[in-house]
Structures are given as C-alpha cells and as structure tokens.
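Shown below: start16.cif, with mmCIF, C-alpha atoms.
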```
data_protein
#
loop_
_atom_site.label_atom_id
_atom_site.label_comp_id
_atom_site.auth_asym_id
_atom_site.auth_seq_id
_atom_site.Cartn_x
_atom_site.Cartn_y
_atom_site.Cartn_z
CA MET K 1 111.29 116.72 60.03
CA ASP K 2 110.13 113.18 59.49
CA GLU K 3 107.29 114.29 57.30
CA ARG K 4 109.50 116.42 55.15
CA GLU K 5 111.82 113.53 54.50
CA LYS K 6 108.89 111.37 53.52
CA ASP K 7 107.60 114.08 51.26
CA ASP K 8 110.80 114.63 49.39
CA PRO K 9 110.96 111.59 47.11
CA LEU K 10 107.31 112.07 46.22
CA ARG K 11 107.85 115.72 45.42
CA GLU K 12 110.74 114.76 43.22
CA LEU K 13 108.48 112.22 41.52
CA GLY K 14 105.85 114.91 41.05
CA GLU K 15 108.40 117.18 39.41
CA ARG K 16 109.48 114.41 37.10
CA LEU K 17 105.83 113.64 36.27
CA ASP K 18 105.25 117.30 35.45
CA LYS K 19 108.26 117.27 33.19
CA ALA K 20 107.06 114.15 31.41
CA ARG K 21 103.61 115.65 31.00
CA ARG K 22 105.03 118.85 29.57
CA GLY K 23 107.04 116.78 27.15
CA ARG K 24 103.90 115.00 26.05
CA THR K 25 101.84 118.08 25.29
CA GLY K 26 104.87 119.90 23.93
CA SER K 27 105.80 120.84 20.42
CA GLU K 28 105.99 117.30 19.09
CA LYS K 29 103.05 117.49 16.77
CA GLU K 30 103.70 114.58 14.51
CA PRO K 31 104.84 111.07 15.30
CA ALA K 32 108.51 110.20 15.22
CA PRO K 33 108.99 106.63 13.99
CA THR K 34 111.22 104.37 16.07
CA PRO K 35 112.95 101.22 14.76
CA ASP K 36 110.66 99.05 16.84
CA SER K 37 107.50 100.62 15.51
CA GLU K 38 108.87 100.33 11.99
CA ALA K 39 109.21 96.56 12.35
CA ARG K 40 105.67 96.28 13.68
CA LYS K 41 104.41 98.39 10.81
CA ALA K 42 106.17 96.14 8.32
CA LEU K 43 104.40 93.11 9.74
CA GLY K 44 101.05 94.85 9.45
CA ILE K 45 101.76 95.85 5.86
CA GLY K 46 102.79 92.36 4.86
CA LEU K 47 99.56 90.93 6.18
CA ARG K 48 97.24 93.20 4.31
CA LEU K 49 98.69 93.45 0.80
CA GLY K 50 97.05 90.48 -0.90
CA LEU K 51 93.62 91.21 0.43
CA GLU K 52 93.85 94.85 -0.57
CA LEU K 53 94.04 93.99 -4.27
CA VAL K 54 91.21 91.46 -4.28
CA VAL K 55 88.77 93.46 -2.21
CA ALA K 56 89.36 96.59 -4.29
CA VAL K 57 88.29 94.78 -7.47
CA PHE K 58 85.17 93.38 -5.81
CA VAL K 59 84.14 96.68 -4.25
CA GLY K 60 84.72 98.47 -7.56
CA THR K 61 82.65 95.97 -9.50
CA GLY K 62 79.92 95.98 -6.87
CA LEU K 63 79.69 99.76 -6.90
CA GLY K 64 79.48 99.70 -10.69
CA TRP K 65 76.69 97.17 -10.54
CA ALA K 66 74.83 99.34 -8.04
CA PHE K 67 75.25 102.42 -10.25
CA ASP K 68 73.88 100.49 -13.22
CA LYS K 69 70.92 99.33 -11.20
CA VAL K 70 70.04 102.87 -10.16
CA LEU K 71 70.84 104.72 -13.39
CA GLY K 72 70.02 101.96 -15.88
CA THR K 73 73.32 102.33 -17.72
CA ARG K 74 74.11 98.65 -17.96
CA PRO K 75 76.84 97.54 -18.66
CA TRP K 76 78.97 100.70 -18.66
CA GLY K 77 79.04 101.43 -14.94
CA MET K 78 80.21 97.95 -14.13
CA ILE K 79 82.93 98.00 -16.79
CA ILE K 80 84.28 101.41 -15.78
CA PHE K 81 84.15 100.72 -12.05
CA PHE K 82 85.79 97.34 -12.50
CA PHE K 83 88.86 99.03 -13.96
CA LEU K 84 88.72 101.81 -11.39
CA GLY K 85 88.65 99.13 -8.70
CA VAL K 86 91.70 97.42 -10.18
CA ALA K 87 93.50 100.76 -10.30
CA ALA K 88 92.50 101.67 -6.75
CA GLY K 89 93.70 98.31 -5.48
CA MET K 90 97.05 98.74 -7.17
CA VAL K 91 97.39 102.28 -5.85
CA ASN K 92 96.68 101.04 -2.34
CA VAL K 93 99.24 98.24 -2.60
CA TYR K 94 101.80 100.61 -4.09
CA ARG K 95 101.33 103.03 -1.22
CA ALA K 96 101.57 100.32 1.40
CA VAL K 97 104.79 99.00 -0.17
CA THR K 98 106.45 102.39 -0.53
CA GLY K 99 105.80 103.11 3.14
CA MET K 100 103.13 105.71 2.68
CA GLY K 101 100.67 103.75 4.77
CA MET K 102 97.10 103.77 3.60
CA ALA K 103 97.23 107.47 2.93
CA ILE K 104 94.88 108.89 0.38
CA GLY K 105 96.45 111.66 -1.65
CA TYR K 106 100.13 112.01 -2.30
CA ARG K 107 101.84 114.61 -0.18
CA ARG K 108 103.18 113.42 3.16
CA SER K 109 105.84 115.88 4.15
CA TRP K 110 106.80 114.40 7.50
CA GLN K 111 106.66 110.86 6.23
CA ASP K 112 108.86 111.70 3.29
CA GLU K 113 111.52 113.00 5.63
CA ALA K 114 111.43 109.78 7.59
CA ALA K 115 111.49 107.72 4.41
CA ALA K 116 114.42 109.66 2.99
CA LYS K 117 116.40 108.97 6.14
CA GLN K 118 115.74 105.25 6.01
CA SER K 119 116.54 103.95 2.57
CA PRO K 120 117.48 105.28 -0.86
CA ALA K 121 114.70 103.19 -2.44
CA ASP K 122 112.13 105.35 -0.74
CA THR K 123 113.52 108.57 -2.13
CA ALA K 124 111.95 107.66 -5.46
CA VAL K 125 108.62 108.32 -3.81
CA LYS K 126 109.84 111.65 -2.56
CA ASP K 127 110.95 112.74 -6.01
CA GLU K 128 107.57 111.90 -7.36
CA ASP K 129 105.88 113.99 -4.76
CA GLU K 130 107.80 117.10 -5.67
CA ASP K 131 106.59 117.04 -9.27
CA MET O 1 84.05 54.58 4.94
CA ALA O 2 82.34 57.92 4.83
CA ILE O 3 83.95 60.72 6.73
CA GLU O 4 81.40 63.00 8.29
CA LEU O 5 82.79 66.44 8.63
CA HIS O 6 80.92 69.57 9.60
CA PRO O 7 83.70 72.13 9.83
CA LEU O 8 81.29 75.06 9.41
CA GLU O 9 78.84 73.93 12.03
CA GLN O 10 80.79 75.80 14.70
CA PHE O 11 79.71 79.11 13.19
CA THR O 12 75.99 78.47 13.60
CA ILE O 13 74.11 81.16 15.47
CA GLU O 14 71.81 79.68 18.09
CA ARG O 15 68.93 81.65 19.53
CA TRP O 16 69.05 80.99 23.23
CA ILE O 17 66.58 83.58 24.48
CA PRO O 18 64.26 84.62 21.63
CA ILE O 19 63.44 88.32 21.75
CA HIS O 20 61.39 89.96 19.01
CA ILE O 21 60.86 93.70 19.09
CA GLY O 22 58.51 94.98 16.42
CA GLY O 23 59.51 92.43 13.79
CA ILE O 24 63.22 92.79 14.55
CA ASP O 25 64.92 89.63 15.74
CA ALA O 26 66.94 90.76 18.75
CA SER O 27 67.34 87.33 20.29
CA PHE O 28 70.06 86.65 22.79
CA THR O 29 72.34 84.27 20.87
CA ASN O 30 75.55 82.41 21.54
CA SER O 31 77.25 85.22 19.62
CA ALA O 32 75.72 87.80 21.96
CA LEU O 33 76.80 85.77 24.98
CA PHE O 34 80.42 85.75 23.85
CA MET O 35 80.30 89.47 23.09
CA CYS O 36 79.09 90.05 26.65
CA ALA O 37 81.83 87.72 27.90
CA ALA O 38 84.48 89.65 25.95
CA VAL O 39 83.24 92.93 27.42
CA ALA O 40 83.10 91.42 30.91
CA VAL O 41 86.64 90.03 30.69
CA ALA O 42 88.03 93.29 29.33
CA ILE O 43 86.30 95.35 32.04
CA GLY O 44 87.30 92.81 34.68
CA LEU O 45 90.94 92.99 33.64
CA VAL O 46 91.11 96.77 33.77
CA VAL O 47 89.04 97.13 36.96
CA LEU O 48 91.04 94.41 38.69
CA GLY O 49 94.25 96.06 37.52
CA ALA O 50 93.21 99.47 38.80
CA ARG O 51 91.92 98.24 42.17
CA ARG O 52 95.28 98.45 43.91
CA ARG O 53 97.29 101.35 42.63
CA ASP O 54 100.77 100.38 43.74
CA LEU O 55 103.88 102.28 42.78
CA VAL O 56 105.40 98.91 41.96
CA PRO O 57 102.62 97.12 40.06
CA GLY O 58 101.54 93.58 40.82
CA ARG O 59 100.54 91.03 38.18
CA TRP O 60 97.08 92.31 37.33
CA GLN O 61 98.06 95.94 37.51
CA SER O 62 101.00 95.13 35.26
CA ILE O 63 98.77 93.56 32.61
CA ALA O 64 96.34 96.48 32.70
CA GLU O 65 99.15 99.03 32.54
CA MET O 66 100.92 97.20 29.74
CA SER O 67 97.83 97.03 27.57
CA TYR O 68 97.21 100.73 28.17
CA GLU O 69 100.82 101.62 27.36
CA PHE O 70 100.69 99.43 24.27
CA ILE O 71 97.70 101.25 22.79
CA ALA O 72 98.97 104.65 23.93
CA GLY O 73 102.32 103.94 22.25
CA MET O 74 100.56 102.79 19.11
CA ILE O 75 98.59 106.02 18.95
CA ASP O 76 101.70 108.13 19.62
CA ASP O 77 103.61 106.36 16.85
CA ASN O 78 100.88 106.35 14.26
CA VAL O 79 98.58 109.27 14.94
CA GLY O 80 100.63 111.71 17.00
CA GLN O 81 99.74 113.68 20.09
CA GLU O 82 96.36 114.78 18.80
CA GLY O 83 95.31 111.17 18.65
CA ARG O 84 95.38 110.87 22.43
CA GLU O 85 91.79 112.06 22.79
CA TYR O 86 90.62 109.02 20.83
CA LEU O 87 92.49 106.60 23.07
CA PRO O 88 89.37 105.39 24.95
CA PHE O 89 87.69 104.33 21.73
CA ILE O 90 90.75 102.65 20.24
CA PHE O 91 91.56 100.91 23.53
CA THR O 92 88.00 99.59 23.76
CA LEU O 93 88.07 98.43 20.15
CA PHE O 94 91.34 96.57 20.66
CA MET O 95 90.24 94.87 23.89
CA PHE O 96 86.89 93.84 22.43
CA ILE O 97 88.40 92.26 19.32
CA LEU O 98 91.30 90.72 21.24
CA PHE O 99 89.07 88.99 23.78
CA GLY O 100 86.55 88.08 21.10
CA ASN O 101 89.31 86.27 19.23
CA LEU O 102 90.86 84.70 22.33
CA LEU O 103 87.59 83.53 23.89
CA GLY O 104 86.82 81.86 20.57
CA MET O 105 89.94 79.74 21.05
CA ILE O 106 88.40 78.05 24.07
CA PRO O 107 87.00 74.64 23.00
CA TYR O 108 83.23 74.75 22.43
CA GLY O 109 83.49 78.51 22.43
CA PHE O 110 82.08 80.77 19.77
CA THR O 111 84.13 83.29 17.79
CA PHE O 112 81.89 86.25 17.04
CA THR O 113 84.64 87.90 14.97
CA SER O 114 84.24 85.05 12.45
CA HIS O 115 80.95 86.62 11.33
CA ILE O 116 81.37 89.27 8.68
CA ILE O 117 78.36 91.25 9.87
CA VAL O 118 80.08 91.77 13.23
CA THR O 119 83.41 92.83 11.76
CA PHE O 120 81.72 94.97 9.12
CA ALA O 121 79.66 96.76 11.76
CA MET O 122 82.88 97.61 13.64
CA ALA O 123 84.65 98.65 10.43
CA ALA O 124 81.68 100.82 9.44
CA VAL O 125 81.73 102.57 12.82
CA VAL O 126 85.45 103.26 12.39
CA PHE O 127 85.02 104.44 8.80
CA ILE O 128 82.07 106.74 9.45
CA GLY O 129 83.60 108.03 12.68
CA VAL O 130 86.94 108.84 11.05
CA THR O 131 85.20 110.57 8.14
CA ILE O 132 83.15 112.69 10.54
CA ILE O 133 86.29 113.59 12.51
CA GLY O 134 87.98 114.64 9.27
CA ILE O 135 85.04 116.79 8.18
CA VAL O 136 84.62 118.38 11.62
CA ARG O 137 88.33 119.22 11.86
CA HIS O 138 88.88 120.46 8.32
CA GLY O 139 85.45 121.36 6.93
CA PHE O 140 85.27 121.38 3.15
CA HIS O 141 89.05 121.27 3.00
CA PHE O 142 88.57 117.59 3.76
CA LEU O 143 87.62 117.02 0.14
CA SER O 144 91.14 118.07 -0.93
CA PHE O 145 92.02 114.67 0.46
CA PHE O 146 90.94 113.19 -2.85
CA VAL O 147 92.87 115.60 -5.07
CA PRO O 148 96.55 114.72 -5.54
CA HIS O 149 98.93 117.66 -5.68
CA GLY O 150 100.47 118.92 -8.89
CA VAL O 151 98.56 116.78 -11.34
CA PRO O 152 97.32 118.05 -14.74
CA LEU O 153 93.60 118.70 -14.88
CA VAL O 154 92.97 115.95 -17.44
CA LEU O 155 94.53 113.32 -15.23
CA LEU O 156 92.46 114.52 -12.28
CA LEU O 157 89.37 113.21 -14.06
CA LEU O 158 90.88 109.76 -13.74
CA LEU O 159 92.70 110.10 -10.44
CA VAL O 160 89.93 111.57 -8.31
CA PRO O 161 87.56 108.61 -8.87
CA ILE O 162 90.42 106.25 -8.03
CA GLU O 163 91.19 108.15 -4.84
CA VAL O 164 87.54 108.20 -3.83
CA LEU O 165 87.20 104.51 -4.55
CA SER O 166 90.31 103.60 -2.60
CA TYR O 167 88.88 105.58 0.31
CA PHE O 168 85.60 103.67 0.22
CA ILE O 169 87.40 100.34 0.01
CA ARG O 170 88.78 100.83 3.52
CA PRO O 171 85.86 99.51 5.60
CA PHE O 172 85.60 96.45 3.37
CA THR O 173 89.24 95.44 3.66
CA LEU O 174 89.14 96.15 7.38
CA ALA O 175 86.10 93.91 7.89
CA ILE O 176 87.06 91.11 5.50
CA ARG O 177 90.60 90.76 6.85
CA LEU O 178 89.51 90.03 10.40
CA PHE O 179 86.54 87.88 9.41
CA ALA O 180 88.46 85.80 6.83
CA ASN O 181 91.38 85.14 9.14
CA MET O 182 89.22 84.01 12.03
CA MET O 183 86.87 81.91 9.94
CA ALA O 184 89.61 80.25 7.89
CA GLY O 185 91.60 79.38 11.01
CA HIS O 186 88.70 77.86 12.89
CA THR O 187 87.51 75.93 9.83
CA MET O 188 90.98 74.50 9.36
CA LEU O 189 91.11 73.43 13.02
CA ALA O 190 87.77 71.67 12.67
CA ILE O 191 88.78 69.87 9.46
CA PHE O 192 91.95 68.49 10.98
CA ALA O 193 90.06 67.55 14.14
CA GLY O 194 87.64 65.57 11.94
CA PHE O 195 90.56 63.60 10.48
CA VAL O 196 91.72 62.48 13.91
CA THR O 197 88.95 59.92 14.37
CA ALA O 198 88.62 59.13 10.67
CA MET O 199 92.24 58.04 10.31
CA GLY O 200 92.07 55.52 13.13
CA ILE O 201 95.45 54.59 14.49
CA PHE O 202 97.24 57.23 12.43
CA GLY O 203 95.04 59.87 13.98
CA PHE O 204 97.96 61.25 15.92
CA VAL O 205 99.25 62.95 12.75
CA PRO O 206 96.34 65.35 12.27
CA LEU O 207 96.18 65.71 16.04
CA GLY O 208 99.76 66.96 16.01
CA VAL O 209 98.91 69.34 13.19
CA ASP O 210 95.99 70.63 15.23
CA VAL O 211 98.19 71.25 18.25
CA LEU O 212 100.54 73.33 16.11
CA LEU O 213 97.61 75.08 14.47
CA ILE O 214 96.28 76.10 17.87
CA PHE O 215 99.49 78.03 18.50
CA LEU O 216 99.25 79.61 15.07
CA GLU O 217 95.64 80.57 15.74
CA LEU O 218 96.59 82.17 19.06
CA LEU O 219 99.14 84.25 17.19
CA VAL O 220 96.58 85.15 14.52
CA ALA O 221 94.02 86.07 17.19
CA VAL O 222 96.35 88.62 18.77
CA LEU O 223 97.81 89.79 15.47
CA GLN O 224 94.47 90.44 13.82
CA ALA O 225 93.27 92.48 16.79
CA TYR O 226 96.50 94.45 16.46
CA VAL O 227 96.14 94.92 12.70
CA PHE O 228 92.53 96.09 13.02
CA THR O 229 93.56 98.60 15.65
CA ILE O 230 96.62 99.90 13.85
CA LEU O 231 94.68 100.43 10.62
CA THR O 232 92.12 102.40 12.62
CA CYS O 233 95.05 104.51 13.86
CA LEU O 234 96.35 105.04 10.32
CA TYR O 235 92.92 106.11 9.07
CA LEU O 236 92.59 108.44 12.02
CA ARG O 237 95.97 109.99 11.23
CA ASP O 238 94.87 110.67 7.66
CA ALA O 239 91.78 112.45 8.94
CA ILE O 240 93.72 114.52 11.51
CA HIS O 241 96.88 115.36 9.57
CA LEU O 242 95.31 116.37 6.31
CA HIS O 243 97.95 117.49 3.88
#
```

Let me see the structure of the file written as structure tokens.
Amino acid sequence: MDEREKDDPLRELGERLDKARRGRTGSEKEPAPTPDSEARKALGIGLRLGLELVVAVFVGTGLGWAFDKVLGTRPWGMIIFFFLGVAAGMVNVYRAVTGMGMAIGYRRSWQDEAAAKQSPADTAVKDEDED
Amino acid sequence: MAIELHPLEQFTIERWIPIHIGGIDASFTNSALFMCAAVAVAIGLVVLGARRRDLVPGRWQSIAEMSYEFIAGMIDDNVGQEGREYLPFIFTLFMFILFGNLLGMIPYGFTFTSHIIVTFAMAAVVFIGVTIIGIVRHGFHFLSFFVPHGVPLVLLLLLVPIEVLSYFIRPFTLAIRLFANMMAGHTMLAIFAGFVTAMGIFGFVPLGVDVLLIFLELLVAVLQAYVFTILTCLYLRDAIHLH
C-alpha cells in the first residue's frame, strides 16, 4: 500500500508530462506570437535597422567591384550593384519595420494574420501581398 | 602635457604558444585561450546544473534550466516546432557568444567577439548551414524564395537581383553588428579610462562615466548575444517555412 501511495503523485506527473509532450508535437505547426515575444522582437528590430542600410550599400558595391574585376566590365558592375545594394538595404529596413522580419520574398500568410490582428497600420502590408 | 592613449591596444592578438602547421599559423593566442574559457564556462554551467536533477531545482540547476528554456522558447516563438531539432546548435551558439562577451568584460580579459574574423566565421557557418537546410528541405523550390509573388515579369528582372542581394547581405550584417558593438564599447571604455589619470584631480568624472559604461556594456554583451541568436532563428524560419 505504501508503495502505491508513493507512486501515485509521480504517475500523475507522468500523465501530465505526456500531455505536455503531446501538446508540443501536436498540430501547432507555426509559431504563435505572444505579447512578451513581440516586445523582445521590437527591441531586436530597433537595434539592427541602421546597420542594415549601411552594410547593404557596402556589400552591393563590393560585389559590383568583384564582378568588374572578374568580367572586366568596369565601371558598370559597380554602378549597377551600388544601386541594387541601396535598394536591397531599403527593402530590408522596410520589411523589418513592417514586422515581416528579415523574410526574403513577400508572402507570409501566418504572419499577415498576426499582423492584421495587432494594428491597422500593418494591414497595408497585407493588402500589398494580395496584389 | 601629452596624453598617451592606446585604446586599441586591448585588441592585439598575442601568440602565446606558436604552432605552425604547413605554413598555416595555428598558434595558441590570447583569443584562443578566451574561446576555450568560454567553452569551458558554458560546459561547466550546464554540467554543474545537470549534476543533481532535483524536482525543485537549486541555484545551478535553475540557471541551466532557465538558459535552456530561454533558447527553447525563442525557437518556439520564432521558428516553430520544426526548429526544435536545431536547438543544440542554437543553444551552443548563444552560450559561446554570451560567455565570449561576458568574459571580455573582466579587466585584462580579451573579447574575441571584437574581432570581425571571429564573428564573420560564425555568421558564415549560420548562413551556409541555413542555406543547406533550405535546399535539403525544399530542393529546387528553394529558389522560389527569391521570386516575389504576383509581380509582372518586367519587374522581376529588377526585383530578383534585389532579393538575391538582400539574402547575401545577411552574413555581413550578422557579423558586423556583433563585432562593431563589442569593439566600439571596449574602445570607449579604454578612452575614458585613459582620461582618468590625464585629468588629475578631476579624474573622478571620467571614472564615473566608465562605471556607468560598464553597466551599459554588460547590457550590450547580453543583448548582442541575444540578437545574434534571434536572427539565426529568423533565418532558420525562412529556410524551413518557405512560402
């Protein structure tokens, strides 16, 4: 009898653990944002915006320079890639600001749903996506 | 009165045990020592935490469990359930950078994350690894990553290069952010420390600034480890949840 009584709370714990584990591997395929994680994300975004723009221009120009060096098309590669770098930097910043993370490409179905729930400002992004 | 300041001296790499293998300089440096120390502290923390597996955790177990839960929660929030299999790598990455930054805060210590070659190597591993994961999971469909939906063909000529470029910018921003933050912070600390003796009796002013800066740098040390890790998570999510 003693042993059974000792066993019981542990068995109950085991059942609860099983339940938690089932919940983890369950249908939840994509992350559900919580208010706390949103605040943390905002901090991360704020810290990386400025750098994003600058580095994009430098990487673009550097790539252009490398292309020129290999293909001998000076100065066209550098000019074109400079502007591509500027554009890429702006695209990255725009995405970070509109809450799309660093995603490449436009469609983010599950993120759009979350964004639509949060603020009307973000729905502009959603509209764009449906075009 | 000439002020002698060497704020960048602290970043000098010193060869302590010279090792040369076939023309490659693989010397054991102060940087290498602190990398080993970061690994040792991280392993020590987790091993110490897991030594006594109490139902009600003690101090060390609590720290180890909290850091695990922190990274696990980060992956759940940002990658989703499929990201769980990459938890060991992301946890290791976070602990290594975190202790690299924090050990550098010890006076006379060396911050290996203030060298761009170190941060770039880590960023390159993340970038190449995430790209391989994307290709393995989605095959050639991975390339649709660079093609925005519902865009006229003419615009694609412009947009695809931009998308490709913004993809290849990732490792650079990842590396430069960590490196620049660490180096700028430590340089600033050294400059203000140099003013302390130079200003004589008013030296307490820069000393006070330095004390405050130390707190800021501790925050930056933790925050930058966090930012590096969370961006890795975001890149991983892009590779896993391809649209």

Chain O near chain K within 7 Å: what's each residue's closest atom pair and its distance in Å to one decimal, counting all atoms listed in the file, ordered by chain then ascending residue number, as a Markdown table?
```
| residue | atom | partner | partner_atom | distance |
| --- | --- | --- | --- | --- |
| O:Asp76 | CA | K:Pro31 | CA | 6.1 |
| O:Asp77 | CA | K:Pro31 | CA | 5.1 |
| O:Asn78 | CA | K:Pro31 | CA | 6.2 |
| O:Val79 | CA | K:Pro31 | CA | 6.5 |
| O:Gly80 | CA | K:Pro31 | CA | 4.6 |
| O:Gln81 | CA | K:Lys29 | CA | 6.0 |
| O:Phe145 | CA | K:Gly105 | CA | 5.8 |
| O:Phe146 | CA | K:Gly105 | CA | 5.8 |
| O:Val147 | CA | K:Gly105 | CA | 6.3 |
| O:Pro148 | CA | K:Gly105 | CA | 5.0 |
| O:His149 | CA | K:Tyr106 | CA | 6.7 |
| O:Gly150 | CA | K:Asp131 | CA | 6.4 |
| O:Ile162 | CA | K:Ala88 | CA | 5.2 |
| O:Glu163 | CA | K:Ile104 | CA | 6.4 |
| O:Leu165 | CA | K:Ala88 | CA | 6.4 |
| O:Ser166 | CA | K:Ala88 | CA | 5.1 |
| O:Tyr167 | CA | K:Ile104 | CA | 6.9 |
| O:Ile169 | CA | K:Ala56 | CA | 6.0 |
| O:Thr173 | CA | K:Val55 | CA | 6.2 |
| O:Val227 | CA | K:Gly44 | CA | 5.9 |
| O:Leu234 | CA | K:Met102 | CA | 6.9 |
| O:Asp238 | CA | K:Ala103 | CA | 6.2 |
| O:His243 | CA | K:Arg107 | CA | 6.3 |
```

Name the residues captured by the PyMOL selection byres ((chain O and resi 217) around 9) when it is applied to the shown file; answer as a PyMOL selection string.
chain O and resi 105+182+185-186+189+212-216+218-222

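Here CA of Glu82 (chain O) is placed at a distance of 12.6 Å from CA of Leu242 (chain O).
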
State, in Å with one decimal place, the distance from CA of Ile75 (chain O) to CA of Arg170 (chain O).
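Pair CA of Ile75 (chain O) / CA of Arg170 (chain O) returns 19.0 Å.
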
Record the distance separating CA of Tyr86 (chain O) and CA of Gly100 (chain O), expressed in Å with one decimal.
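Between these atoms lies a distance of 21.3 Å.
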